[in-house]
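Undergrad: I'd like to ask some things about the structure below.
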Amino acid sequence: MTIAAKQKYETVIGLEVHLQLNTATKIFCGCANKFGEAPNTLTCPVCLGLPGSLPVVNAKALEYAMKVGLALNCKVNPFVKFDRKNYFYPDCPKAYQISQFDLPICSNGYLMIETEEGEAKEIRINRAHLEEDAGKLIHDDKNNCSLVDYNRTGTPLMEIVTEPDLRSAQEAYNYLQNLKLTLQYLNVSDCDMEKGSLRCDANISIRPMGAIKLGTKTELKNMNSFKAVKAGLEHEIHRHMAALESGQAIIQETRLWDETRAMTFAMRSKEEAHDYRYFPEPDLVPFMMEGAAIETTRKSLPELPAKKRERLMEQYRVSAYDANILIQDPALADFFEECSKHYKDTKTICNWINGPLMKELNTRKTRLADIGLRPEDFTVLMHKVNEGILSNLAAKDILRFMIDTQRSVDTIIEEKGLAQVSDDSTLEKLVQELIKEHHNIAEQIRNGKESAIGFLVGQAMRKSQGKANPKKIGGLIKKLLT
Amino acid sequence: MELNRQTAHELLDLLKNKKTTPEAILDSVHKQIQKSDKDVKAYVRLNQNKVDPKTANSRSVPIPIGIKDNMCILDEETTCSSRILKGFKAPYDATVIEKLKKSGAILIGNTNMDEFAMGSSTENSCYGATHNPWKLDCVPGGSSGGSAAAVAASEAIWAIGSDTGGSIRQPASFCGVVGLKPTYGRVSRYGLIAFASSLDQIGPITKDVTDSALLLNVIAGYDERDSTSVNAPVPDYRQALKNNVKGLKIGIPKEYFVQGLHPEVKNAVMAAIEALKNKGATFKKVSLPHTEYGIATYYITATSEASSNLARYDGVQYGIRELPKKTRKSPLLDMYDETRHVGFGAEVKRRIMLGTYSLSSGYYDAYYLKGLKVRTLIKNDFDKLFSEFDALIGPTSPTTAFKIGDKVNDPLSMYLSDIYTVSANLSGIPAISVPCGFSKERLPIGLQIMAKPFAEEMLFRIAYTYEQNTDWHKQSVNL
Amino acid sequence: MISENDVKYAAALARIHLEDDEASRLTKDLEKILDYINKLNTLDVKDVQPTSHVLPLKNVYREDRIRPSLTQKEVLKISVEQQEGSFKVPKVIE
């Protein structure tokens, strides 16, 4: 497709995110809310929907839902009720899902994202409501049947629905990144798309640039990662544009993203029209969300990523780049702030965190909280480098040993003999040895080729196993040869 | 003395004085069942029950009890008299069953009912109709007809029923026994297989008012597994059994005495009012202006909820599973459609269809929502009167028991027989039916007393006073 | 007034197969019942609040505390058909 054609259309995307809340128990019964157990071992009459069983709301699920809503700048509605959504499917054991229809727990919020041009943009949240998750269906082609496991049935689920405010696949991707980060700060969900604790469907349409009326939309499902959402949307946008360019109409339908074939295809259309016959759940009474409780929850919210980013930049003069890395894990940002109490130069701290520390975390595939590193020990490294006691190289080695052995910087320096040598007479002896060994190079330096100094410094570091103070070595070479 | 003809409180006295044993009581009940249940057909299933010596202590109530076939009993079959649930054995006890078992009760068996409690005659059962012990070619009423007939025929000392629109009171009235529908939320619904969740309530069916109070003592109370059960203290209902109505103000709703009320029923009820007047209660004619909308409102609300409550019977998990001989749509859809086609009886299908229709897109406002609004009006009528009156009184049913088969082909006329009972369910209030006489054909007549929410004690007081001054409750059938 | 098509639509939603004579009989029954129910239309309920719960209960919930689940064996005992610890159903075609 030509660039001109691409510029003719505007993309309109809305996202529906389903988020499993990580409460200890399910939303309407006391069964454990766990993933990966043997089939039908985490069920009871309530989540199996057996005759006579009745649901009772898990207080924690309501609290988490309220937190999510407040973090997304939503209004927490004062009167909340649950409704039944009626449909038949083997993974839905009551043949209705307890959900929320006209009075969701949260509505009218927004989440800020960054556009591709780097500008801040508000993505409006239409609503965020609570419901129960369905069970899991496995298709057994060999035996020509399907198998149902009800362990997942009744997992508390939040559906977070945006307005059609997203204008590109990249914006959708950025929204999901920001949403996930915000939710991780709240610690209410694992947010793991591969495990299905976060799922995303998209509504997408295109319209001629400047048009107000929305084009015919398709619903896109079956994306198993943020990258898949982006790829699926890009493919779908392209498909819509190609259709319109060639004069074909878009059919309103649900399409599935096929990751391996990297294309979308229409889902076999359902034989019956959907008429969910929502009505108030008579087995659950309504909830009055009192102002005081909402305020208490609001106050209990942690500092959220956007706010933290802003504050780090202002309070510590941290660059936008560094701040973005720090806020990816609230523990990392906290660690940074603690470090700043022990070491003045915040840029150096950022460099140490974003460089060597992140490298250690990445190679170990672990999180900061799991390695037991204390800010006061971490900053000792910076002090020692600054004071010329450690070379940068040695300090990085020490960091690795610290994490491996949980020993102090001083002990490791002593044990490994890693203290930097800055003693003049020792260093002078070393330089004189090198001049003898590399007399050709020495000659070049004498003749004014300053660039050759670096070679000798490198040799000095090698010979001293990294302990020689490179600055002093450089000075000595100059002194002795020029 | 035939032990099975005694009330529970009489038997408890005998047990206390060591004049009988739980085994002897159970034996007499079993003998009666053997003798007469082939005619009455009150039971759909009998348990091989023995008296458990562990629970037969001084505080226990080791009385044989009949359980309507819609309450889950651990590892026992429960079917709601529906083909679709054949073979279903719940892996848990309903709260009421748990309480009964804890009290040492002996669950004799499951009693017949209209399928999923949908009906007023116990004819809509996959096991066939139950017969009225007073006149075997008449219906026992419904839907708890099996429970009421079992008590009337002395095939149980007492029984448990459920009442969604009159399903305890109307059969009690037809069978000449005492039936109580407690306040909505008084007795836990956990384990009661739902017909209409916002209307269903479990209650006792007994031979007299004292037994009603005793049995309510056993089953009432808050249950954390039922969000709609009320966390309020349960009084000792025996304390309410006082032979004294002096100074009580009782209203007589004029809408309960209009055309359609059989003169014999009317005369019996008026005589009962006279008897209570003689004991010092004062009566005044009052109005429940929205009474005539009760049936319409009830049938919208109940069927809408039922269409959703009964959706789970789809052949996926338990009960029966049917497949058509020839493929129609897909293997899964065919299983749904055929299982439900074969598994449900005509009346259940009718109500599921009505409820589905009234909730469906385009009709919700005209039917379901309108029903909820009229429900408010009906409830307001009662609230207004209960600010002035201690109770309301009238007939339980416009007629005595009708002939088996008389109304099966006319659903609407069957529905209209609930005209006096549905309002209590719609407004959540407690109501009791006590025997107040007989027709010329010797069919029992029931008197209904209603009070404000959680005023079961008021019902017991008035009913007990009436009972102490009449002897209708002492008359029984000998089969 | 309710038509036979309305009845067929409701039957599809309710997932009940109806034979043709059943559909026409049900249409007649429902016609009569709805005709009776339509008496509600004589009431003005514009400003009336709906009652979906008859008691003024609110905020009923439970603590987030784990309770024992049923065992797989107890669960599958009720099943019509089972395979590999799961409920077996006719193949679901998506």
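Each chain of the structure tokens is named A, B, ... in the order shown, its residues numbered from 1; ligands are numbered from 1 in display order.
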Leaving out Val89 (chain C) and any residue of its chain fewer than 2 positions from it, which residues lie within 10 Å of it when counting only C-alpha atoms, given as number ranges by chain?
TA: A: 90, 137, 139, 144-148; B: 315-317, 321, 331-332, 335; C: 80-83, 86-87, 91-92
Undergrad: Find the residues near Tyr61 (chain C): any atom within 7 Å, counting only C-alpha atoms, skip ones fewer than 4 places away on the same chain, and give them as an MDAnalysis selection string.
TA: chainID A and resid 56:59
Undergrad: Kindly provide the residues of chain C that approach chain A to within 12 Å, each paired with its closest atom pair and their distance in Å to one decimal, based on only C-alpha atoms, listed by chain and increasing number, as a tab-separated table.
TA:
```
residue	atom	partner	partner_atom	distance
C:Lys8	CA	A:Glu272	CA	11.6
C:Tyr9	CA	A:Glu272	CA	9.0
C:Ala10	CA	A:Asp275	CA	9.9
C:Ala11	CA	A:Glu272	CA	11.1
C:Ala12	CA	A:Glu272	CA	7.4
C:Leu13	CA	A:Asp275	CA	7.5
C:Ala14	CA	A:Phe88	CA	8.6
C:Arg15	CA	A:Phe88	CA	8.0
C:Ile16	CA	A:Phe88	CA	11.5
C:Pro50	CA	A:Pro280	CA	10.8
C:Thr51	CA	A:Pro280	CA	10.2
C:Ser52	CA	A:Pro282	CA	6.8
C:His53	CA	A:Pro282	CA	6.8
C:Val54	CA	A:Pro282	CA	9.8
C:Leu55	CA	A:Val285	CA	9.1
C:Pro56	CA	A:Val285	CA	8.6
C:Leu57	CA	A:Val285	CA	6.1
C:Lys58	CA	A:Pro286	CA	5.1
C:Asn59	CA	A:Phe287	CA	4.6
C:Val60	CA	A:Val285	CA	6.7
C:Tyr61	CA	A:Val57	CA	4.7
C:Arg62	CA	A:Asn58	CA	5.2
C:Glu63	CA	A:Ala59	CA	5.8
C:Asp64	CA	A:Asn58	CA	5.8
C:Arg65	CA	A:Gly30	CA	6.3
C:Ile66	CA	A:Gly30	CA	4.8
C:Arg67	CA	A:Gly30	CA	4.7
C:Pro68	CA	A:Cys31	CA	6.5
C:Ser69	CA	A:Cys44	CA	5.3
C:Leu70	CA	A:Cys44	CA	5.4
C:Thr71	CA	A:Thr41	CA	5.6
C:Gln72	CA	A:Thr41	CA	5.0
C:Lys73	CA	A:Thr41	CA	8.7
C:Glu74	CA	A:Thr41	CA	9.5
C:Val75	CA	A:Asn40	CA	7.2
C:Leu76	CA	A:Asn40	CA	8.2
C:Lys77	CA	A:Asn40	CA	11.7
C:Ile78	CA	A:Leu50	CA	9.9
C:Ser79	CA	A:Val148	CA	11.0
C:Glu81	CA	A:Leu147	CA	9.8
C:Gln82	CA	A:Leu147	CA	8.0
C:Gln83	CA	A:Leu147	CA	7.2
C:Glu84	CA	A:Pro39	CA	8.2
C:Gly85	CA	A:Pro39	CA	5.7
C:Ser86	CA	A:Val148	CA	5.3
C:Phe87	CA	A:Val148	CA	5.0
C:Lys88	CA	A:Leu147	CA	4.7
C:Val89	CA	A:Ser146	CA	5.3
C:Pro90	CA	A:Cys145	CA	4.8
C:Lys91	CA	A:Cys145	CA	3.9
C:Val92	CA	A:Ser146	CA	6.1
C:Ile93	CA	A:Arg268	CA	8.7
C:Glu94	CA	A:Arg268	CA	6.3
```
Undergrad: Can those selected residues be exported to a file as a PDB file, in the first residue's frame so that it contains C-alpha atoms?
TA:
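Full text of selection_26.pdb as output:
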```
ATOM      1  CA  LYS C   8     -38.703 -20.011  18.522  1.00  0.00           C
ATOM      2  CA  TYR C   9     -36.266 -17.206  19.276  1.00  0.00           C
ATOM      3  CA  ALA C  10     -36.792 -17.611  23.032  1.00  0.00           C
ATOM      4  CA  ALA C  11     -36.380 -21.380  22.670  1.00  0.00           C
ATOM      5  CA  ALA C  12     -33.069 -20.833  20.900  1.00  0.00           C
ATOM      6  CA  LEU C  13     -31.897 -18.540  23.688  1.00  0.00           C
ATOM      7  CA  ALA C  14     -33.080 -21.024  26.306  1.00  0.00           C
ATOM      8  CA  ARG C  15     -31.492 -23.873  24.343  1.00  0.00           C
ATOM      9  CA  ILE C  16     -34.592 -26.031  24.260  1.00  0.00           C
ATOM     10  CA  PRO C  50     -37.907  -1.269  41.024  1.00  0.00           C
ATOM     11  CA  THR C  51     -37.519  -3.820  43.841  1.00  0.00           C
ATOM     12  CA  SER C  52     -35.041  -6.558  43.034  1.00  0.00           C
ATOM     13  CA  HIS C  53     -34.245  -7.267  46.688  1.00  0.00           C
ATOM     14  CA  VAL C  54     -37.094  -7.271  49.102  1.00  0.00           C
ATOM     15  CA  LEU C  55     -34.921  -6.736  52.184  1.00  0.00           C
ATOM     16  CA  PRO C  56     -32.775  -3.625  52.605  1.00  0.00           C
ATOM     17  CA  LEU C  57     -29.572  -5.670  52.861  1.00  0.00           C
ATOM     18  CA  LYS C  58     -26.286  -4.260  51.593  1.00  0.00           C
ATOM     19  CA  ASN C  59     -22.532  -4.846  51.734  1.00  0.00           C
ATOM     20  CA  VAL C  60     -22.582  -8.567  52.492  1.00  0.00           C
ATOM     21  CA  TYR C  61     -19.197 -10.119  51.881  1.00  0.00           C
ATOM     22  CA  ARG C  62     -16.724 -12.610  53.285  1.00  0.00           C
ATOM     23  CA  GLU C  63     -13.065 -12.490  54.265  1.00  0.00           C
ATOM     24  CA  ASP C  64     -10.474 -13.622  51.725  1.00  0.00           C
ATOM     25  CA  ARG C  65      -9.740 -16.852  53.588  1.00  0.00           C
ATOM     26  CA  ILE C  66      -9.107 -20.207  51.888  1.00  0.00           C
ATOM     27  CA  ARG C  67     -11.529 -23.035  52.598  1.00  0.00           C
ATOM     28  CA  PRO C  68     -11.057 -26.634  51.601  1.00  0.00           C
ATOM     29  CA  SER C  69     -12.148 -27.493  48.076  1.00  0.00           C
ATOM     30  CA  LEU C  70     -13.764 -30.765  47.058  1.00  0.00           C
ATOM     31  CA  THR C  71     -11.384 -33.466  45.890  1.00  0.00           C
ATOM     32  CA  GLN C  72     -11.227 -34.311  42.201  1.00  0.00           C
ATOM     33  CA  LYS C  73     -12.798 -37.654  43.035  1.00  0.00           C
ATOM     34  CA  GLU C  74     -15.738 -36.060  44.854  1.00  0.00           C
ATOM     35  CA  VAL C  75     -16.260 -33.670  41.956  1.00  0.00           C
ATOM     36  CA  LEU C  76     -16.123 -36.228  39.163  1.00  0.00           C
ATOM     37  CA  LYS C  77     -18.476 -38.544  40.986  1.00  0.00           C
ATOM     38  CA  ILE C  78     -21.324 -36.309  39.775  1.00  0.00           C
ATOM     39  CA  SER C  79     -20.130 -36.191  36.161  1.00  0.00           C
ATOM     40  CA  GLU C  81     -18.781 -38.446  31.537  1.00  0.00           C
ATOM     41  CA  GLN C  82     -15.176 -37.855  32.539  1.00  0.00           C
ATOM     42  CA  GLN C  83     -11.694 -38.143  31.105  1.00  0.00           C
ATOM     43  CA  GLU C  84      -8.284 -37.270  32.562  1.00  0.00           C
ATOM     44  CA  GLY C  85      -9.688 -35.560  35.643  1.00  0.00           C
ATOM     45  CA  SER C  86     -12.014 -33.381  33.576  1.00  0.00           C
ATOM     46  CA  PHE C  87     -15.656 -33.264  32.597  1.00  0.00           C
ATOM     47  CA  LYS C  88     -16.031 -34.680  29.101  1.00  0.00           C
ATOM     48  CA  VAL C  89     -18.419 -33.000  26.654  1.00  0.00           C
ATOM     49  CA  PRO C  90     -19.171 -33.356  22.959  1.00  0.00           C
ATOM     50  CA  LYS C  91     -16.598 -31.549  20.872  1.00  0.00           C
ATOM     51  CA  VAL C  92     -16.863 -27.775  21.031  1.00  0.00           C
ATOM     52  CA  ILE C  93     -16.330 -26.301  17.587  1.00  0.00           C
ATOM     53  CA  GLU C  94     -15.099 -22.710  17.657  1.00  0.00           C
TER      54      GLU C  94
END
```
Undergrad: Which residues, written as a list in words, have at least one atom at most 12 Å from Val385 (chain A), with only C-alpha atoms counted and residues fewer than 2 positions away on the same chain left out?
TA: Thr348, Trp352, Phe378, Thr379, Val380, Leu381, Met382, His383, Glu387, Gly388, Ile389, Leu390, Ser391, Asn392, Leu393, Ala394, Ala395, Lys396, Ile398, Val409, Leu418, Ala419, Gln420, Lys467, Asn469, Pro470 and Lys471 of chain A
Undergrad: Once you have the residues from the selection above, write them out as an mmCIF file, in the first residue's frame, restricted to N, CA and C atoms.
TA:
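Below is the file that was written, out20.cif:
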```cif
data_model
loop_
_atom_site.group_PDB
_atom_site.id
_atom_site.type_symbol
_atom_site.label_atom_id
_atom_site.label_comp_id
_atom_site.auth_asym_id
_atom_site.auth_seq_id
_atom_site.Cartn_x
_atom_site.Cartn_y
_atom_site.Cartn_z
ATOM 1 N N THR A 348 25.717 9.274 38.885
ATOM 2 C CA THR A 348 26.560 8.089 39.056
ATOM 3 C C THR A 348 25.720 6.913 39.574
ATOM 4 N N TRP A 352 25.184 3.331 37.782
ATOM 5 C CA TRP A 352 25.468 2.057 38.447
ATOM 6 C C TRP A 352 24.235 1.143 38.460
ATOM 7 N N PHE A 378 25.964 -0.927 48.389
ATOM 8 C CA PHE A 378 26.079 -0.635 46.960
ATOM 9 C C PHE A 378 26.823 0.688 46.743
ATOM 10 N N THR A 379 26.485 1.690 47.542
ATOM 11 C CA THR A 379 27.096 3.006 47.341
ATOM 12 C C THR A 379 28.546 3.044 47.820
ATOM 13 N N VAL A 380 28.946 2.116 48.688
ATOM 14 C CA VAL A 380 30.348 2.042 49.099
ATOM 15 C C VAL A 380 31.233 1.886 47.861
ATOM 16 N N LEU A 381 30.739 1.092 46.903
ATOM 17 C CA LEU A 381 31.493 0.890 45.663
ATOM 18 C C LEU A 381 31.790 2.220 44.979
ATOM 19 N N MET A 382 30.761 3.068 44.923
ATOM 20 C CA MET A 382 30.928 4.359 44.245
ATOM 21 C C MET A 382 31.933 5.230 44.983
ATOM 22 N N HIS A 383 31.816 5.194 46.309
ATOM 23 C CA HIS A 383 32.772 5.968 47.113
ATOM 24 C C HIS A 383 34.199 5.506 46.831
ATOM 25 N N GLU A 387 37.261 7.578 45.334
ATOM 26 C CA GLU A 387 38.450 7.868 46.123
ATOM 27 C C GLU A 387 39.688 7.215 45.517
ATOM 28 N N GLY A 388 39.546 6.522 44.424
ATOM 29 C CA GLY A 388 40.687 5.904 43.760
ATOM 30 C C GLY A 388 41.110 4.598 44.396
ATOM 31 N N ILE A 389 40.304 4.079 45.333
ATOM 32 C CA ILE A 389 40.683 2.820 45.975
ATOM 33 C C ILE A 389 40.354 1.640 45.062
ATOM 34 N N LEU A 390 39.282 1.769 44.292
ATOM 35 C CA LEU A 390 38.893 0.693 43.376
ATOM 36 C C LEU A 390 38.854 1.232 41.955
ATOM 37 N N SER A 391 39.243 0.393 41.032
ATOM 38 C CA SER A 391 39.004 0.753 39.641
ATOM 39 C C SER A 391 37.545 0.398 39.332
ATOM 40 N N ASN A 392 37.020 1.005 38.282
ATOM 41 C CA ASN A 392 35.651 0.683 37.869
ATOM 42 C C ASN A 392 35.495 -0.804 37.613
ATOM 43 N N LEU A 393 36.497 -1.343 36.950
ATOM 44 C CA LEU A 393 36.451 -2.760 36.589
ATOM 45 C C LEU A 393 36.367 -3.641 37.835
ATOM 46 N N ALA A 394 37.254 -3.326 38.799
ATOM 47 C CA ALA A 394 37.277 -4.112 40.030
ATOM 48 C C ALA A 394 35.955 -3.960 40.790
ATOM 49 N N ALA A 395 35.438 -2.727 40.776
ATOM 50 C CA ALA A 395 34.199 -2.473 41.515
ATOM 51 C C ALA A 395 33.062 -3.327 40.945
ATOM 52 N N LYS A 396 33.040 -3.471 39.627
ATOM 53 C CA LYS A 396 31.988 -4.288 39.017
ATOM 54 C C LYS A 396 32.134 -5.752 39.422
ATOM 55 N N ILE A 398 33.451 -6.742 42.192
ATOM 56 C CA ILE A 398 33.057 -6.827 43.601
ATOM 57 C C ILE A 398 31.540 -6.896 43.735
ATOM 58 N N VAL A 409 31.909 -5.174 51.065
ATOM 59 C CA VAL A 409 32.866 -4.702 50.061
ATOM 60 C C VAL A 409 34.289 -4.882 50.592
ATOM 61 N N LEU A 418 41.775 -6.889 45.797
ATOM 62 C CA LEU A 418 41.339 -6.072 44.669
ATOM 63 C C LEU A 418 41.531 -4.578 44.864
ATOM 64 N N ALA A 419 42.148 -4.210 46.028
ATOM 65 C CA ALA A 419 42.294 -2.774 46.259
ATOM 66 C C ALA A 419 43.168 -2.180 45.175
ATOM 67 N N GLN A 420 42.835 -1.019 44.753
ATOM 68 C CA GLN A 420 43.584 -0.363 43.696
ATOM 69 C C GLN A 420 44.927 0.082 44.258
ATOM 70 N N LYS A 467 44.494 -3.802 39.225
ATOM 71 C CA LYS A 467 44.556 -3.072 40.489
ATOM 72 C C LYS A 467 45.236 -1.707 40.396
ATOM 73 N N ASN A 469 46.112 2.016 39.575
ATOM 74 C CA ASN A 469 45.262 3.176 39.346
ATOM 75 C C ASN A 469 45.593 3.743 37.963
ATOM 76 N N PRO A 470 44.672 3.596 36.994
ATOM 77 C CA PRO A 470 45.006 3.937 35.612
ATOM 78 C C PRO A 470 45.360 5.423 35.440
ATOM 79 N N LYS A 471 44.728 6.277 36.215
ATOM 80 C CA LYS A 471 44.999 7.714 36.083
ATOM 81 C C LYS A 471 46.465 8.005 36.442
#
```
Undergrad: Mind pulling up the distance from CA of Gly176 (chain B) to CA of Ile429 (chain B)?
TA: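 Between CA of Ile429 (chain B) and CA of Gly176 (chain B) the gap is 22.3 Å.
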Undergrad: Return as CSV the residues of chain B lying at most 6 Å from chain C, together with the closest atom-to-atom pair for each and the distance in Å to one decimal, counting only C-alpha atoms, with rows in chain order and ascending residue number.
TA:
```
residue,atom,partner,partner_atom,distance
B:Ser227,CA,C:Val60,CA,5.9
B:Ala296,CA,C:Ile37,CA,4.7
B:Gln317,CA,C:Ser79,CA,5.1
B:Tyr318,CA,C:Ser79,CA,4.9
B:Pro331,CA,C:Pro90,CA,5.6
B:Leu332,CA,C:Pro90,CA,5.3
B:Asp337,CA,C:Ile16,CA,4.5
B:Glu338,CA,C:His17,CA,5.9
B:Arg340,CA,C:Ile16,CA,5.3
B:His341,CA,C:Ile16,CA,5.2
B:Thr356,CA,C:Ala10,CA,5.9
B:Tyr357,CA,C:Ala10,CA,5.7
B:Leu372,CA,C:Pro50,CA,4.6
B:Lys373,CA,C:Pro50,CA,4.1
B:Thr376,CA,C:Thr51,CA,5.4
B:Gly428,CA,C:Val54,CA,5.8
```
Undergrad: What are the closest atom pairs, with distances in Å to one decimal, for each residue of chain B lying within 7 Å of chain A, using only C-alpha atoms, rows by chain and rising residue number, as a Markdown table?
TA:
```
| residue | atom | partner | partner_atom | distance |
| --- | --- | --- | --- | --- |
| B:Cys72 | CA | A:Gly52 | CA | 6.9 |
| B:Tyr190 | CA | A:Ser53 | CA | 5.7 |
| B:Gly191 | CA | A:Gly52 | CA | 3.9 |
| B:Leu192 | CA | A:Gly52 | CA | 4.6 |
| B:Ile193 | CA | A:Gly52 | CA | 4.0 |
| B:Ala194 | CA | A:Gly52 | CA | 6.0 |
| B:Ser197 | CA | A:Pro282 | CA | 5.9 |
| B:Ser198 | CA | A:Pro282 | CA | 5.5 |
| B:Arg225 | CA | A:Val56 | CA | 6.4 |
| B:Asp226 | CA | A:Leu54 | CA | 6.1 |
| B:Ser227 | CA | A:Val56 | CA | 5.8 |
| B:Thr228 | CA | A:Asp283 | CA | 6.5 |
| B:Ser308 | CA | A:Asn86 | CA | 6.8 |
| B:Ala311 | CA | A:Ala95 | CA | 5.5 |
| B:Arg312 | CA | A:Lys94 | CA | 4.5 |
| B:Val316 | CA | A:Pro90 | CA | 6.3 |
| B:Leu359 | CA | A:Arg277 | CA | 5.2 |
| B:Ser360 | CA | A:Arg277 | CA | 5.3 |
| B:Ser361 | CA | A:Asp275 | CA | 6.3 |
```
Undergrad: Would you save the residues of that selection, restricted to N, CA and C atoms, as a compact mmCIF listing (two decimals), in the first residue's frame?
TA:
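Result file result.txt:
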```
# COMPACT_ATOMS: atom_id res chain seq x y z
N CYS B 72 -30.44 -30.18 48.85
CA CYS B 72 -29.31 -31.08 48.65
C CYS B 72 -28.95 -31.82 49.93
N TYR B 190 -29.06 -21.78 51.23
CA TYR B 190 -27.92 -22.51 50.70
C TYR B 190 -28.25 -24.00 50.60
N GLY B 191 -28.19 -24.53 49.40
CA GLY B 191 -28.51 -25.94 49.20
C GLY B 191 -29.95 -26.19 48.80
N LEU B 192 -30.76 -25.15 48.82
CA LEU B 192 -32.13 -25.26 48.28
C LEU B 192 -32.01 -25.02 46.78
N ILE B 193 -32.42 -25.97 45.99
CA ILE B 193 -32.27 -25.82 44.54
C ILE B 193 -33.24 -24.75 44.06
N ALA B 194 -32.67 -23.68 43.53
CA ALA B 194 -33.43 -22.45 43.31
C ALA B 194 -34.48 -22.59 42.21
N SER B 197 -34.88 -17.07 43.00
CA SER B 197 -34.02 -16.76 44.15
C SER B 197 -34.55 -15.66 45.05
N SER B 198 -35.22 -14.66 44.50
CA SER B 198 -35.64 -13.54 45.33
C SER B 198 -36.96 -13.84 46.04
N ARG B 225 -23.05 -18.45 54.16
CA ARG B 225 -23.00 -18.93 52.77
C ARG B 225 -24.17 -18.41 51.93
N ASP B 226 -25.10 -17.71 52.58
CA ASP B 226 -26.24 -17.14 51.86
C ASP B 226 -26.25 -15.63 52.10
N SER B 227 -25.84 -14.86 51.08
CA SER B 227 -25.75 -13.40 51.23
C SER B 227 -27.09 -12.76 51.54
N THR B 228 -28.18 -13.46 51.23
CA THR B 228 -29.50 -12.87 51.47
C THR B 228 -30.10 -13.35 52.78
N SER B 308 -33.05 -18.25 34.24
CA SER B 308 -31.61 -18.20 34.46
C SER B 308 -31.16 -19.30 35.44
N ALA B 311 -30.88 -22.66 33.79
CA ALA B 311 -30.04 -22.77 32.59
C ALA B 311 -28.90 -23.77 32.79
N ARG B 312 -28.50 -23.95 34.05
CA ARG B 312 -27.35 -24.82 34.31
C ARG B 312 -27.65 -26.29 34.04
N VAL B 316 -24.00 -30.81 30.66
CA VAL B 316 -22.53 -30.74 30.67
C VAL B 316 -21.94 -31.51 31.84
N LEU B 359 -37.08 -11.37 29.68
CA LEU B 359 -35.76 -10.76 29.87
C LEU B 359 -35.10 -10.41 28.55
N SER B 360 -35.67 -10.86 27.44
CA SER B 360 -34.94 -10.74 26.18
C SER B 360 -34.98 -9.30 25.67
N SER B 361 -34.02 -9.04 24.83
CA SER B 361 -33.81 -7.70 24.30
C SER B 361 -35.09 -7.17 23.68
```
Undergrad: To one decimal place, how far is CA of Arg45 (chain B) from CA of Thr122 (chain B) in Å?
TA: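 Distance between the two atoms: 15.4 Å.
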Undergrad: Between B:Ile250, B:Leu26, B:Ile84, B:Leu216, which is the closest to Thr339 (chain B) once you count only C-alpha atoms?
TA: B:Ile84
Undergrad: Could you go through region 312-452 of chain B and tell me which residues DSSP, when run on the backbone, assigns to helix (DSSP H, G or I), listing them as a PyMOL selection string?
TA: chain B and resi 312+331-343+346-359+365-386+411-416+422-427
Undergrad: Would you please work out which residue, of A:Glu10, A:Asp83, A:Asp410, A:Glu163, is nearest to Gly215 (chain A) when using only C-alpha atoms?
TA: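 Ranking A:Glu10, A:Asp83, A:Asp410, A:Glu163 by distance to Gly215 (chain A), first place goes to A:Glu10.
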Undergrad: DSSP on the backbone, strand (DSSP E or B) only: what residues of region 85-286 of chain B does that give? Format it as a ChimeraX atom specification.
TA: /B:89,106-111,132,135,138,158-163,178-181,187,192,201-206,220,249-253,282-286
Undergrad: Please provide the set of residues having any atom within 10 Å of Phe35 (chain A), restricted to only C-alpha atoms, with same-chain residues fewer than 4 positions apart removed, written as a compact mmCIF listing (two decimals) with N, CA and C atoms, in the first residue's frame.
TA:
```txt
# COMPACT_ATOMS: atom_id res chain seq x y z
N LEU A 42 -9.53 -27.52 42.52
CA LEU A 42 -9.76 -26.26 43.25
C LEU A 42 -11.20 -25.83 43.02
N ASN A 151 -11.09 -25.33 37.57
CA ASN A 151 -10.22 -24.66 38.55
C ASN A 151 -10.23 -23.14 38.41
N ARG A 152 -10.25 -22.67 37.17
CA ARG A 152 -10.16 -21.22 36.94
C ARG A 152 -11.51 -20.52 37.17
N THR A 155 -12.33 -17.20 39.37
CA THR A 155 -11.20 -16.30 39.64
C THR A 155 -11.69 -14.88 39.47
N LYS A 195 0.39 -16.52 31.07
CA LYS A 195 -0.40 -17.36 31.98
C LYS A 195 -1.89 -17.00 31.89
N GLY A 196 -2.18 -15.96 31.16
CA GLY A 196 -3.58 -15.56 31.02
C GLY A 196 -4.09 -14.69 32.14
N SER A 197 -3.22 -14.21 33.02
CA SER A 197 -3.72 -13.35 34.10
C SER A 197 -4.00 -11.95 33.59
```
Undergrad: Mind checking which residues fall within 12 Å of region 260-266 of chain B, counting only C-alpha atoms, ignoring those fewer than 5 positions away in the same chain, and posting them as a VMD selection string?
TA: chain B and resid 173 to 174 254 to 255 271 to 273 393 to 402 413 416 to 420 435 to 448
